[in-house]
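Okay, structure_8.cif is below, mmCIF, C-alpha atoms:
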```cif
data_work
#
loop_
_atom_site.group_PDB
_atom_site.id
_atom_site.type_symbol
_atom_site.label_atom_id
_atom_site.label_comp_id
_atom_site.auth_asym_id
_atom_site.auth_seq_id
_atom_site.Cartn_x
_atom_site.Cartn_y
_atom_site.Cartn_z
ATOM 1 C CA MET A 1 6.129 -8.063 -6.375
ATOM 2 C CA LEU A 2 9.592 -6.688 -5.519
ATOM 3 C CA PRO A 3 11.286 -7.208 -2.135
ATOM 4 C CA TYR A 4 11.796 -3.447 -1.659
ATOM 5 C CA THR A 5 8.148 -2.440 -1.842
ATOM 6 C CA ALA A 6 5.976 -0.371 0.494
ATOM 7 C CA TYR A 7 2.236 -0.918 0.940
ATOM 8 C CA LEU A 8 -0.898 1.008 1.798
ATOM 9 C CA ARG A 9 -3.597 -1.384 3.039
ATOM 10 C CA VAL A 10 -7.269 -1.031 3.910
ATOM 11 C CA TYR A 11 -8.560 -3.406 6.583
ATOM 12 C CA GLN A 12 -12.329 -3.788 6.403
ATOM 13 C CA PRO A 13 -14.307 -4.684 9.553
ATOM 14 C CA ILE A 14 -15.482 -8.289 9.406
ATOM 15 C CA ASP A 15 -19.171 -7.324 9.368
ATOM 16 C CA ALA A 16 -18.605 -5.308 6.156
ATOM 17 C CA PHE A 17 -18.247 -8.551 4.173
ATOM 18 C CA ALA A 18 -21.051 -10.567 2.598
ATOM 19 C CA PRO A 19 -22.178 -13.497 4.808
ATOM 20 C CA ARG A 20 -20.298 -16.145 2.781
ATOM 21 C CA ASP A 21 -17.044 -14.177 2.812
ATOM 22 C CA ARG A 22 -17.516 -13.272 6.473
ATOM 23 C CA LEU A 23 -17.736 -16.949 7.380
ATOM 24 C CA HIS A 24 -14.586 -17.703 5.370
ATOM 25 C CA TRP A 25 -12.559 -14.960 7.055
ATOM 26 C CA GLU A 26 -13.784 -15.893 10.529
ATOM 27 C CA GLU A 27 -12.699 -19.494 9.921
ATOM 28 C CA TYR A 28 -9.449 -18.251 8.381
ATOM 29 C CA ALA A 29 -8.686 -16.129 11.443
ATOM 30 C CA GLY A 30 -9.044 -19.224 13.626
ATOM 31 C CA SER A 31 -6.850 -21.388 11.397
ATOM 32 C CA THR A 32 -3.516 -22.601 12.785
ATOM 33 C CA ASP A 33 -1.772 -22.901 9.413
ATOM 34 C CA ARG A 34 -2.433 -19.459 7.928
ATOM 35 C CA PRO A 35 0.535 -17.047 7.621
ATOM 36 C CA ARG A 36 0.848 -15.098 10.882
ATOM 37 C CA ARG A 37 1.086 -11.294 10.863
ATOM 38 C CA MET A 38 4.870 -10.960 10.876
ATOM 39 C CA ASN A 39 5.306 -13.736 8.286
ATOM 40 C CA ALA A 40 2.441 -12.848 5.946
ATOM 41 C CA LEU A 41 4.435 -10.479 3.740
ATOM 42 C CA ALA A 42 7.236 -13.048 3.345
ATOM 43 C CA ALA A 43 4.640 -15.700 2.452
ATOM 44 C CA GLU A 44 3.094 -13.406 -0.142
ATOM 45 C CA HIS A 45 6.537 -12.683 -1.621
ATOM 46 C CA ALA A 46 7.380 -16.392 -1.767
ATOM 47 C CA GLU A 47 4.134 -17.152 -3.582
ATOM 48 C CA SER A 48 4.807 -14.378 -6.100
ATOM 49 C CA LEU A 49 8.402 -15.529 -6.636
ATOM 50 C CA GLY A 50 7.207 -19.074 -7.300
ATOM 51 C CA ARG A 51 4.992 -17.838 -10.133
ATOM 52 C CA LEU A 52 7.778 -15.723 -11.636
ATOM 53 C CA LEU A 53 10.262 -18.627 -11.587
ATOM 54 C CA ALA A 54 7.837 -21.025 -13.267
ATOM 55 C CA THR A 55 8.347 -21.987 -16.919
ATOM 56 C CA PRO A 56 6.772 -20.016 -18.457
ATOM 57 C CA PRO A 57 6.323 -17.308 -15.790
ATOM 58 C CA VAL A 58 2.749 -17.043 -14.509
ATOM 59 C CA VAL A 59 1.460 -13.465 -14.604
ATOM 60 C CA ALA A 60 -1.551 -14.093 -12.357
ATOM 61 C CA PRO A 61 -2.981 -17.141 -10.564
ATOM 62 C CA THR A 62 -6.066 -18.740 -12.106
ATOM 63 C CA GLU A 63 -8.048 -18.312 -8.879
ATOM 64 C CA GLU A 64 -8.207 -15.414 -6.479
ATOM 65 C CA SER A 65 -6.244 -15.795 -3.249
ATOM 66 C CA ARG A 66 -8.126 -16.781 -0.099
ATOM 67 C CA ASP A 67 -5.409 -15.370 2.170
ATOM 68 C CA ALA A 68 -5.494 -12.048 3.968
ATOM 69 C CA TYR A 69 -3.743 -9.747 6.395
ATOM 70 C CA LEU A 70 -5.628 -9.655 9.696
ATOM 71 C CA ARG A 71 -5.822 -7.247 12.614
ATOM 72 C CA ARG A 72 -7.818 -7.224 15.842
ATOM 73 C CA VAL A 73 -8.561 -3.849 17.384
ATOM 74 C CA ASP A 74 -10.765 -3.588 20.470
ATOM 75 C CA GLU A 75 -11.614 -7.296 19.977
ATOM 76 C CA ARG A 76 -13.007 -6.595 16.498
ATOM 77 C CA LEU A 77 -11.605 -8.480 13.498
ATOM 78 C CA TYR A 78 -10.405 -6.473 10.491
ATOM 79 C CA VAL A 79 -9.489 -8.135 7.189
ATOM 80 C CA CYS A 80 -7.345 -7.036 4.237
ATOM 81 C CA PRO A 81 -7.589 -9.738 1.521
ATOM 82 C CA TRP A 82 -4.443 -10.271 -0.531
ATOM 83 C CA GLN A 83 -6.400 -10.109 -3.834
ATOM 84 C CA THR A 84 -3.335 -11.598 -5.526
ATOM 85 C CA ARG A 85 -4.972 -12.230 -8.886
ATOM 86 C CA LEU A 86 -6.511 -8.764 -9.205
ATOM 87 C CA ARG A 87 -3.339 -7.011 -8.092
ATOM 88 C CA SER A 88 -1.257 -9.147 -10.479
ATOM 89 C CA TRP A 89 -3.517 -8.202 -13.379
ATOM 90 C CA LEU A 90 -3.260 -4.504 -12.499
ATOM 91 C CA ALA A 91 0.519 -4.668 -12.088
ATOM 92 C CA PHE A 92 0.918 -6.461 -15.422
ATOM 93 C CA THR A 93 -1.285 -3.871 -17.137
ATOM 94 C CA GLU A 94 0.934 -1.092 -15.771
ATOM 95 C CA PHE A 95 4.069 -2.994 -16.785
ATOM 96 C CA THR A 96 2.959 -3.541 -20.384
ATOM 97 C CA ALA A 97 1.784 0.062 -20.717
ATOM 98 C CA ALA A 98 5.200 1.352 -19.632
ATOM 99 C CA THR A 99 7.394 -1.202 -21.428
ATOM 100 C CA PRO A 100 8.079 -1.627 -25.171
ATOM 101 C CA VAL A 101 6.609 -4.848 -26.589
ATOM 102 C CA LEU A 102 10.015 -6.275 -27.513
ATOM 103 C CA VAL A 103 11.247 -5.752 -23.967
ATOM 104 C CA SER A 104 8.134 -7.046 -22.180
ATOM 105 C CA GLY A 105 8.156 -10.116 -24.417
ATOM 106 C CA ALA A 106 11.575 -11.030 -23.072
ATOM 107 C CA PHE A 107 10.087 -11.282 -19.586
ATOM 108 C CA VAL A 108 6.675 -12.791 -20.333
ATOM 109 C CA PRO A 109 5.971 -15.020 -23.371
ATOM 110 C CA LYS A 110 3.131 -13.848 -25.595
ATOM 111 C CA CYS A 111 0.982 -16.900 -24.789
ATOM 112 C CA GLU A 112 1.079 -16.116 -21.065
ATOM 113 C CA ALA A 113 0.548 -12.395 -21.670
ATOM 114 C CA ASP A 114 -2.497 -13.190 -23.807
ATOM 115 C CA ARG A 115 -3.852 -15.538 -21.131
ATOM 116 C CA ALA A 116 -3.531 -12.866 -18.450
ATOM 117 C CA GLU A 117 -5.089 -10.154 -20.607
ATOM 118 C CA GLU A 118 -8.008 -12.411 -21.551
ATOM 119 C CA GLY A 119 -8.608 -13.386 -17.928
ATOM 120 C CA TYR A 120 -8.609 -9.762 -16.836
ATOM 121 C CA ARG A 121 -10.945 -8.798 -19.695
ATOM 122 C CA GLN A 122 -13.441 -11.529 -18.796
ATOM 123 C CA TRP A 123 -13.295 -10.524 -15.131
ATOM 124 C CA ARG A 124 -14.074 -6.896 -15.986
ATOM 125 C CA GLU A 125 -16.882 -7.861 -18.349
ATOM 126 C CA SER A 126 -18.446 -10.014 -15.625
ATOM 127 C CA GLY A 127 -19.350 -6.800 -13.819
ATOM 128 C CA ALA A 128 -17.038 -7.427 -10.880
ATOM 129 C CA GLY A 129 -16.747 -4.177 -8.958
ATOM 130 C CA VAL A 130 -14.037 -5.123 -6.500
ATOM 131 C CA ARG A 131 -11.254 -2.590 -6.100
ATOM 132 C CA PRO A 132 -7.800 -3.425 -4.744
ATOM 133 C CA GLY A 133 -7.547 -2.934 -0.998
ATOM 134 C CA ILE A 134 -3.754 -2.767 -1.240
ATOM 135 C CA LEU A 135 -1.624 -0.199 -3.061
ATOM 136 C CA SER A 136 2.097 -0.781 -3.573
ATOM 137 C CA SER A 137 5.095 1.395 -4.402
ATOM 138 C CA ASN A 138 8.529 0.069 -5.383
ATOM 139 C CA TRP A 139 11.707 1.573 -3.912
ATOM 140 C CA THR A 140 9.983 4.617 -2.437
ATOM 141 C CA ILE A 141 6.877 5.912 -0.667
ATOM 142 C CA PRO A 142 4.773 8.576 -2.405
ATOM 143 C CA VAL A 143 4.530 11.713 -0.258
ATOM 144 C CA PRO A 144 0.679 11.712 -0.273
ATOM 145 C CA TRP A 145 0.775 8.351 1.547
ATOM 146 C CA PHE A 146 2.144 10.094 4.644
ATOM 147 C CA VAL A 147 -0.744 12.580 4.851
ATOM 148 C CA PRO A 148 -3.402 10.248 6.387
ATOM 149 C CA PHE A 149 -1.282 9.500 9.482
ATOM 150 C CA GLU A 150 0.122 11.112 12.615
ATOM 151 C CA GLU A 151 3.451 10.492 14.339
ATOM 152 C CA ARG A 152 1.793 8.905 17.392
ATOM 153 C CA GLU A 153 0.466 6.110 15.142
ATOM 154 C CA ARG A 154 3.992 4.922 14.334
ATOM 155 C CA CYS A 155 5.222 1.395 15.151
ATOM 156 C CA GLN A 156 8.868 0.431 14.586
ATOM 157 C CA VAL A 157 10.520 -2.965 15.125
ATOM 158 C CA LEU A 158 14.259 -3.346 14.537
ATOM 159 C CA SER A 159 14.963 -6.356 16.733
ATOM 160 C CA THR A 160 16.652 -8.695 14.244
ATOM 161 C CA ASP A 161 17.715 -8.928 10.607
ATOM 162 C CA THR A 162 14.582 -10.924 9.834
ATOM 163 C CA THR A 163 12.161 -8.853 11.906
ATOM 164 C CA ARG A 164 12.402 -5.275 10.717
ATOM 165 C CA ALA A 165 9.268 -3.238 10.279
ATOM 166 C CA LEU A 166 8.050 0.342 10.247
ATOM 167 C CA LEU A 167 4.364 1.045 9.891
ATOM 168 C CA TYR A 168 1.527 3.386 10.793
ATOM 169 C CA LEU A 169 -2.070 2.465 11.545
ATOM 170 C CA THR A 170 -5.111 4.734 11.747
ATOM 171 C CA ARG A 171 -8.840 4.698 11.194
ATOM 172 C CA VAL A 172 -10.044 5.550 7.700
ATOM 173 C CA SER A 173 -12.357 8.213 9.134
ATOM 174 C CA GLN A 174 -9.323 10.027 10.579
ATOM 175 C CA ALA A 175 -7.322 9.471 7.397
ATOM 176 C CA ARG A 176 -10.036 11.087 5.308
ATOM 177 C CA ARG A 177 -10.236 14.121 7.589
ATOM 178 C CA ARG A 178 -6.478 14.652 7.355
ATOM 179 C CA LEU A 179 -6.519 14.275 3.593
ATOM 180 C CA ASP A 180 -9.486 16.628 3.231
ATOM 181 C CA ARG A 181 -7.809 19.254 5.390
ATOM 182 C CA THR A 182 -4.543 18.998 3.458
ATOM 183 C CA VAL A 183 -6.360 19.381 0.146
ATOM 184 C CA ALA A 184 -8.267 22.394 1.516
ATOM 185 C CA VAL A 185 -5.046 24.073 2.749
ATOM 186 C CA LEU A 186 -3.277 23.493 -0.578
ATOM 187 C CA ARG A 187 -6.183 24.940 -2.552
ATOM 188 C CA GLU A 188 -6.585 27.942 -0.266
ATOM 189 C CA ARG A 189 -2.909 28.858 0.012
ATOM 190 C CA ILE A 190 -1.542 27.829 -3.398
ATOM 191 C CA GLY A 191 -4.440 27.042 -5.732
ATOM 192 C CA GLU A 192 -6.210 24.124 -7.428
ATOM 193 C CA HIS A 193 -3.059 23.106 -9.277
ATOM 194 C CA ALA A 194 -1.283 22.416 -5.967
ATOM 195 C CA VAL A 195 -3.271 19.233 -5.372
ATOM 196 C CA SER A 196 -1.345 16.488 -7.160
ATOM 197 C CA ALA A 197 -3.019 13.798 -9.228
ATOM 198 C CA SER A 198 -1.612 11.170 -6.854
ATOM 199 C CA THR A 199 -3.302 12.888 -3.911
ATOM 200 C CA GLU A 200 -6.609 13.005 -5.755
ATOM 201 C CA ARG A 201 -6.288 9.307 -6.656
ATOM 202 C CA LEU A 202 -5.622 8.483 -3.012
ATOM 203 C CA VAL A 203 -8.725 10.363 -1.882
ATOM 204 C CA ASP A 204 -10.822 8.594 -4.519
ATOM 205 C CA TRP A 205 -9.363 5.205 -3.592
ATOM 206 C CA LEU A 206 -10.236 5.594 0.073
ATOM 207 C CA THR A 207 -13.681 6.972 -0.692
ATOM 208 C CA LEU A 208 -14.589 4.148 -3.073
ATOM 209 C CA THR A 209 -12.777 1.270 -1.371
ATOM 210 C CA ALA A 210 -12.943 1.661 2.386
ATOM 211 C CA HIS A 211 -15.825 1.037 4.779
ATOM 212 C CA PRO A 212 -16.323 4.083 7.068
ATOM 213 C CA GLU A 213 -15.118 2.031 10.053
ATOM 214 C CA ALA A 214 -12.125 0.489 8.240
ATOM 215 C CA LEU A 215 -8.468 0.800 9.217
ATOM 216 C CA LEU A 216 -5.665 2.178 7.037
ATOM 217 C CA GLU A 217 -2.093 0.922 7.334
ATOM 218 C CA LEU A 218 1.107 2.305 5.853
ATOM 219 C CA ASP A 219 3.679 -0.504 5.843
ATOM 220 C CA TYR A 220 7.263 0.258 4.801
ATOM 221 C CA GLY A 221 7.291 -3.396 3.723
ATOM 222 C CA GLY A 222 10.734 -4.437 2.459
ATOM 223 C CA LEU A 223 12.326 -0.994 2.762
ATOM 224 C CA PRO A 224 13.516 -1.532 6.382
ATOM 225 C CA HIS A 225 15.734 -4.359 5.079
ATOM 226 C CA LEU A 226 17.333 -1.897 2.680
ATOM 227 C CA LEU A 227 17.885 0.946 5.167
ATOM 228 C CA SER A 228 20.009 1.243 8.292
ATOM 229 C CA ASP A 229 18.631 1.485 11.820
ATOM 230 C CA ASP A 230 19.780 5.110 12.002
ATOM 231 C CA HIS A 231 18.019 5.981 8.748
ATOM 232 C CA LEU A 232 14.756 4.404 9.888
ATOM 233 C CA THR A 233 14.898 5.922 13.360
ATOM 234 C CA ALA A 234 15.564 9.368 11.882
ATOM 235 C CA ASP A 235 12.764 9.011 9.327
ATOM 236 C CA ARG A 236 9.954 11.272 10.506
ATOM 237 C CA SER A 237 8.291 11.730 7.133
ATOM 238 C CA VAL A 238 4.767 11.541 8.557
ATOM 239 C CA ALA A 239 5.493 14.162 11.215
ATOM 240 C CA GLU A 240 7.279 16.406 8.700
ATOM 241 C CA VAL A 241 4.439 16.258 6.176
ATOM 242 C CA SER A 242 1.971 17.108 8.940
ATOM 243 C CA GLU A 243 4.146 20.005 10.088
ATOM 244 C CA ALA A 244 4.530 21.252 6.513
ATOM 245 C CA VAL A 245 0.746 21.384 6.111
ATOM 246 C CA GLU A 246 0.414 23.287 9.400
ATOM 247 C CA ALA A 247 3.132 25.738 8.346
ATOM 248 C CA LEU A 248 1.407 26.367 5.026
ATOM 249 C CA SER A 249 -1.943 26.872 6.752
ATOM 250 C CA VAL A 250 -0.542 29.817 8.737
ATOM 251 C CA GLY A 251 1.388 31.232 5.799
ATOM 252 C CA ASP A 252 4.857 30.096 6.885
ATOM 253 C CA THR A 253 5.998 29.157 3.388
ATOM 254 C CA ALA A 254 9.691 29.195 4.350
ATOM 255 C CA ARG A 255 9.187 26.436 6.911
ATOM 256 C CA MET A 256 6.931 24.517 4.547
ATOM 257 C CA THR A 257 9.564 24.679 1.796
ATOM 258 C CA GLU A 258 12.310 23.564 4.181
ATOM 259 C CA LEU A 259 10.321 20.513 5.263
ATOM 260 C CA ARG A 260 9.293 19.643 1.716
ATOM 261 C CA GLU A 261 12.906 19.737 0.551
ATOM 262 C CA ARG A 262 14.001 17.579 3.491
ATOM 263 C CA ILE A 263 11.424 14.919 2.640
ATOM 264 C CA THR A 264 12.307 15.060 -1.060
ATOM 265 C CA ARG A 265 16.029 14.588 -0.358
ATOM 266 C CA ARG A 266 15.381 11.649 1.965
ATOM 267 C CA TRP A 267 13.273 9.723 -0.507
ATOM 268 C CA ARG A 268 15.396 10.670 -3.498
ATOM 269 C CA SER A 269 18.350 9.024 -1.729
ATOM 270 C CA VAL A 270 16.279 5.881 -1.128
ATOM 271 C CA ARG A 271 15.082 5.767 -4.728
ATOM 272 C CA ALA A 272 18.695 6.104 -5.904
ATOM 273 C CA LEU A 273 19.430 2.700 -4.350
ATOM 274 C CA GLU A 274 17.352 1.116 -7.144
ATOM 275 C CA ARG A 275 19.931 2.214 -9.709
ATOM 276 C CA ALA A 276 22.831 1.287 -7.399
ATOM 277 C CA ASN A 277 21.294 -2.158 -6.994
#
```

Show me this structure written as structure tokens.
Amino acid sequence: MLPYTAYLRVYQPIDAFAPRDRLHWEEYAGSTDRPRRMNALAAEHAESLGRLLATPPVVAPTEESRDAYLRRVDERLYVCPWQTRLRSWLAFTEFTAATPVLVSGAFVPKCEADRAEEGYRQWRESGAGVRPGILSSNWTIPVPWFVPFEERERCQVLSTDTTRALLYLTRVSQARRRLDRTVAVLRERIGEHAVSASTERLVDWLTLTAHPEALLELDYGGLPHLLSDDHLTADRSVAEVSEAVEALSVGDTARMTELRERITRRWRSVRALERAN
């Protein structure tokens, strides 16, 4: 888990959980020693860093995390479990698939890599059908992630160096409608090929993962610590994506292209900081 990572999180309503899990999360919400909302991401990072600094590094914990991000909306509790073990397995699978064996071996000893792969294999063969309720993206935010939201759902906090946040929150039902409309506009105006694979994966993820009454959160995560106040305040990616879709729907391709290029330039400049770093 990198410090400059953004997150897309699904918060399930408490009554969507099985009775045993529901009881755990209700007790967890009332606990005085759980990580609070503004500190939860830092706590998750610290836990991940501790595993990476161990000798040898620990790819994934032996047990699944019992921590979660929590929200209360209209006095109803919503829960987004960390799922640290599952997400670690998935991240390690992506890492090994994209990295030559000689290089990956320099980061993770073969014995630990084998342990992680065997644990993940046994978990899959057990028939576990749990999907990750959190997606992550390092150093940038994929453009499709902006589609499910509207500008009025924005929340920005730039009060101190330690408390910097930019996020959006909406209901999954609204997110799905916005995604469906965007897909329909792209197919009508440009063609089937215009719908990117990442957009299709996002639609599938929400459809298969989220309860109909769930919440969806886009959290810029560690990126606000990388970017200036002016950059964050001027970032209207959600509004610009929404406007681009509207422009395309009425055939204003010039305006759509202008907005698309503006968004691309903004996030290309952010991604470039990875190489500068």

What is the CA of Ser104 in chain A to CA of Thr62 in chain A distance in Å?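 These atoms are spaced 21.0 Å apart.
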
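Interatomic distance, CA of Asp21 in chain A against CA of Thr209 in chain A: 16.6 Å.
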
Closest to Arg124 in chain A among A:Leu86, A:Pro109, A:Leu166, A:Glu153, using all atoms listed in the file? A:Leu86

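What separates CA of Leu202 in chain A from CA of Val143 in chain A is a distance of 11.0 Å.
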
When you look at Thr93 in chain A with a cut-off of 12 Å (counting all atoms listed in the file), what residues show up, excluding the ones that are within fewer than 4 positions of it in the same chain? I need them as an MDAnalysis selection string. chainID A and resid 59:60 86:89 97:99 104 113:114 116:118 120:121

For the selection just defined, write its residues with C-alpha atoms to a file, as an mmCIF file, in the coordinates of the input.
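Full text of part.cif as output:
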```
data_model
loop_
_atom_site.group_PDB
_atom_site.id
_atom_site.type_symbol
_atom_site.label_atom_id
_atom_site.label_comp_id
_atom_site.auth_asym_id
_atom_site.auth_seq_id
_atom_site.Cartn_x
_atom_site.Cartn_y
_atom_site.Cartn_z
ATOM 1 C CA VAL A 59 1.460 -13.465 -14.604
ATOM 2 C CA ALA A 60 -1.551 -14.093 -12.357
ATOM 3 C CA LEU A 86 -6.511 -8.764 -9.205
ATOM 4 C CA ARG A 87 -3.339 -7.011 -8.092
ATOM 5 C CA SER A 88 -1.257 -9.147 -10.479
ATOM 6 C CA TRP A 89 -3.517 -8.202 -13.379
ATOM 7 C CA ALA A 97 1.784 0.062 -20.717
ATOM 8 C CA ALA A 98 5.200 1.352 -19.632
ATOM 9 C CA THR A 99 7.394 -1.202 -21.428
ATOM 10 C CA SER A 104 8.134 -7.046 -22.180
ATOM 11 C CA ALA A 113 0.548 -12.395 -21.670
ATOM 12 C CA ASP A 114 -2.497 -13.190 -23.807
ATOM 13 C CA ALA A 116 -3.531 -12.866 -18.450
ATOM 14 C CA GLU A 117 -5.089 -10.154 -20.607
ATOM 15 C CA GLU A 118 -8.008 -12.411 -21.551
ATOM 16 C CA TYR A 120 -8.609 -9.762 -16.836
ATOM 17 C CA ARG A 121 -10.945 -8.798 -19.695
#
```

When distances are computed from all atoms listed in the file, which of A:Arg37, A:Arg262, A:His24, A:Arg85 shows the smallest separation from Arg51 in chain A?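 Under the stated criterion, the closest residue is A:Arg85.
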
Since the input is missing atoms for range 5-32 of chain A, could you rebuild it with N, CA and C atoms and give the result as a compact mmCIF listing (two decimals), in the frame of the given file?
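File out38.txt, as written:
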```
# COMPACT_ATOMS: atom_id res chain seq x y z
N THR A 5 9.44 -3.03 -1.51
CA THR A 5 8.15 -2.44 -1.84
C THR A 5 7.43 -2.02 -0.57
N ALA A 6 6.79 -0.86 -0.62
CA ALA A 6 5.98 -0.37 0.49
C ALA A 6 4.50 -0.55 0.14
N TYR A 7 3.64 -0.60 1.17
CA TYR A 7 2.24 -0.92 0.94
C TYR A 7 1.32 0.01 1.73
N LEU A 8 0.18 0.31 1.13
CA LEU A 8 -0.90 1.01 1.80
C LEU A 8 -2.09 0.05 1.78
N ARG A 9 -2.58 -0.34 2.96
CA ARG A 9 -3.60 -1.38 3.04
C ARG A 9 -4.84 -0.88 3.78
N VAL A 10 -5.99 -1.28 3.24
CA VAL A 10 -7.27 -1.03 3.91
C VAL A 10 -7.73 -2.33 4.56
N TYR A 11 -8.01 -2.27 5.84
CA TYR A 11 -8.56 -3.41 6.58
C TYR A 11 -10.04 -3.15 6.84
N GLN A 12 -10.89 -3.96 6.23
CA GLN A 12 -12.33 -3.79 6.40
C GLN A 12 -12.79 -4.52 7.67
N PRO A 13 -13.75 -3.95 8.41
CA PRO A 13 -14.31 -4.68 9.55
C PRO A 13 -15.02 -5.94 9.06
N ILE A 14 -14.97 -7.00 9.84
CA ILE A 14 -15.48 -8.29 9.41
C ILE A 14 -16.95 -8.22 9.01
N ASP A 15 -17.74 -7.38 9.68
CA ASP A 15 -19.17 -7.32 9.37
C ASP A 15 -19.46 -6.54 8.08
N ALA A 16 -18.40 -6.00 7.44
CA ALA A 16 -18.60 -5.31 6.16
C ALA A 16 -18.65 -6.30 4.99
N PHE A 17 -18.28 -7.55 5.23
CA PHE A 17 -18.25 -8.55 4.17
C PHE A 17 -19.60 -9.25 4.03
N ALA A 18 -19.85 -9.76 2.83
CA ALA A 18 -21.05 -10.57 2.60
C ALA A 18 -20.99 -11.80 3.50
N PRO A 19 -22.15 -12.37 3.86
CA PRO A 19 -22.18 -13.50 4.81
C PRO A 19 -21.23 -14.64 4.45
N ARG A 20 -21.17 -15.02 3.18
CA ARG A 20 -20.30 -16.14 2.78
C ARG A 20 -18.84 -15.80 3.01
N ASP A 21 -18.43 -14.59 2.61
CA ASP A 21 -17.04 -14.18 2.81
C ASP A 21 -16.74 -13.98 4.30
N ARG A 22 -17.71 -13.47 5.03
CA ARG A 22 -17.52 -13.27 6.47
C ARG A 22 -17.21 -14.60 7.16
N LEU A 23 -17.96 -15.63 6.79
CA LEU A 23 -17.74 -16.95 7.38
C LEU A 23 -16.34 -17.45 7.05
N HIS A 24 -15.92 -17.26 5.77
CA HIS A 24 -14.59 -17.70 5.37
C HIS A 24 -13.51 -17.01 6.19
N TRP A 25 -13.61 -15.69 6.35
CA TRP A 25 -12.56 -14.96 7.06
C TRP A 25 -12.57 -15.25 8.55
N GLU A 26 -13.73 -15.51 9.11
CA GLU A 26 -13.78 -15.89 10.53
C GLU A 26 -13.10 -17.24 10.74
N GLU A 27 -13.36 -18.19 9.83
CA GLU A 27 -12.70 -19.49 9.92
C GLU A 27 -11.21 -19.36 9.66
N TYR A 28 -10.86 -18.49 8.71
CA TYR A 28 -9.45 -18.25 8.38
C TYR A 28 -8.70 -17.68 9.59
N ALA A 29 -9.33 -16.75 10.28
CA ALA A 29 -8.69 -16.13 11.44
C ALA A 29 -8.40 -17.16 12.53
N GLY A 30 -9.24 -18.20 12.62
CA GLY A 30 -9.04 -19.22 13.63
C GLY A 30 -8.14 -20.36 13.19
N SER A 31 -7.68 -20.32 11.93
CA SER A 31 -6.85 -21.39 11.40
C SER A 31 -5.45 -21.35 12.01
N THR A 32 -4.86 -22.52 12.21
CA THR A 32 -3.52 -22.60 12.78
C THR A 32 -2.43 -22.60 11.72
```
